[in-house]
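For reference, the structure discussed in these notes is given below.
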Number of protein chains: 2
Amino acid sequence: MNTIGDVVVVAPDSPQSGMGHAITVDSTLYVEKITIDDGPQNEYSCSGTPADCVKLGIREILKRTPDLCVSGINHGSNSSINVIYSGTMSAAIEAGIEGIPAIGFSLLDYNWGANFEHSQSFIKTITENTLKHGLPQGVVLNVNIPNVSKSKIKGIRVCRQAKANWVEKFDKRQSPMGKDYYWLAGKFVNLDQGEDTDEWALENNYVSVVPVQFDLTAYQSIKQINTWNLND
Amino acid sequence: MNTIGDVVVVAPDSPQSGMGHAITVDSTLYVEKITIDDGPQNEYSCSGTPADCVKLGIREILKRTPDLCVSGINHGSNSSINVIYSGTMSAAIEAGIEGIPAIGFSLLDYNWGANFEHSQSFIKTITENTLKHGLPQGVVLNVNIPNVSKSKIKGIRVCRQAKANWVEKFDKRQSPMGKDYYWLAGKFVNLDQGEDTDEWALENNYVSVVPVQFDLTAYQSIKQINTWNLND
């Protein structure tokens, strides 16, 4: 991002996996200017969620609207239904609500030592195009990058979100004090055979770009539910 | 709900305001059978988020798919953009992902002593109709009820989500140890003049019903973004 513009980083001070679009309403928030990496960017650490970081970044740190909000790059997929659980995407969506062009980037590698090198050129292309063309009102981008070497990546595809879910299998254990507890665990199931989905693109070594909206209205269902005659 | 079916309650053991669609992936979960209210229902307390409660309820407590998942009734509005931040709606959406008909109910009264009495008949009507007609695949209902006496409520309206946002004004304070901290605070701004929105319905004393989807794809934008020629 330093090759594209003036960068201000506002990042959570702890991992935020599965944080969804949580915001901090019942607790206090801390922000601290810190130095993580060399470079011209300004870096801030925040005690809140990804969505909190965007709100604080705009109102208290920048005190202006930035040209772009980039979230991530996340370790692990935010494709298909994962967009709902994703802290990375909630930051992008929060910026979108504020009218800021926004992109969430994720690499399909959960490893802390993941190699992000091959992601760079795709991120640059998508970011520069977003700045050049803008994004439709109410839309942000969810970008996922396959975990394969750059030469194997066939290109970038604009996709729809695949129908998928997680079939949980809770891992039940007992504490040393004899109390039962659970770990959330599960298996990802792609229920969608379409070749226009993000899952298909990623499985076939394409970078997936899904335009994501935060108007959740199921417009096609309004007419149908009106036939229920709820006021009779 | 006890007048409609056999009820199993799985509820978070602490307030979950602003929890969004967070799930617990980096920590353990506890579930305990408890008794809160008189009645035939079975009640469980869970240390996790609303979405966790649904996952645990289905896989570990019921070990089957229920006919319906009802979330709430929430203290305070989950209309318009609030659906994104809502723990109540995330539980309904989580059930929807599992293919279960689901409804989130909210009353526009943040008061802990709120009177839910006048909500009952509307909740019964909407719930019974949902069981009778089913819901389209991939759709759950977001129901908000005005905080006025029952005689003032004009009826139930099926609506779209209003365009709105929160303009934050962080409340900056200093701890006794001299460290700056913030409280998230802000003003709700309805940016939508449409008379087909949930905000309009609620302001005009209608119960609002918004069909909500969790396929976030902005289909209308796919063609537009394809014109960027990202692979050139």
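Residue numbers start at 1 in each chain; chains themselves are named A, B, ... in the order of the structure tokens; ligands are numbered from 1 in the order shown.
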
Who sits within 10 Å of Gln224 in chain B, only C-alpha atoms, same chain under 6 positions skipped, as a ChimeraX atom specification: /A:133,135-136,158

Practice problem: Find the residues near range 141-148 of chain B: any atom within 9 Å, counting only C-alpha atoms, skip ones fewer than 6 places away on the same chain, and give them as an MDAnalysis selection string. | Solution: chainID B and resid 76:79 83 89 92:93 101:109 114:115 118:119 122:123 126 135 198 201:213

If you count only C-alpha atoms, the residue of A:Glu199, A:Val167, A:Val189, A:Arg157 closest to Ile222 in chain B turns out to be A:Arg157

What residues in chain A lie within 7 Å of chain B, counting only C-alpha atoms, written as a PyMOL selection string? chain A and resi 17-25+28-30+84-85+97+125+129+139+155-156+158+160-161+165+180-184+210-218+221-222+226+228+230-231

Counting only C-alpha atoms, what is within 6 Å of Val8 in chain A, bar same-chain residues fewer than 6 positions away, as JSON, numbers by chain? {"A": [41, 42, 43]}

Students should find that CA of Pro12 in chain B and CA of Asn74 in chain B are spaced 12.6 Å

query: Could you pull out the helix (DSSP H, G or I) residues of range 22-190 of chain A from DSSP and send them as a PyMOL selection string?
result: chain A and resi 50-62+82-85+87-97+117-133+150-152

Report as an NGL selection string: the residues of range 6-225 of chain B with a DSSP assignment of strand (DSSP E), based on the backbone of this structure. :B and (8-12 or 31-34 or 42-46 or 69-75 or 102-107 or 139-145 or 155-158 or 164-168 or 171-174 or 180-183 or 186-190 or 206-213)

Using CA of Ser14 in chain A and CA of Pro50 in chain B as the two end points, give the distance in Å to one decimal.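 Between CA of Ser14 in chain A and CA of Pro50 in chain B the gap is 21.6 Å.
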
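Taking CA of Ser149 in chain A as the reference point, CA of Glu117 in chain A is found at 9.2 Å.
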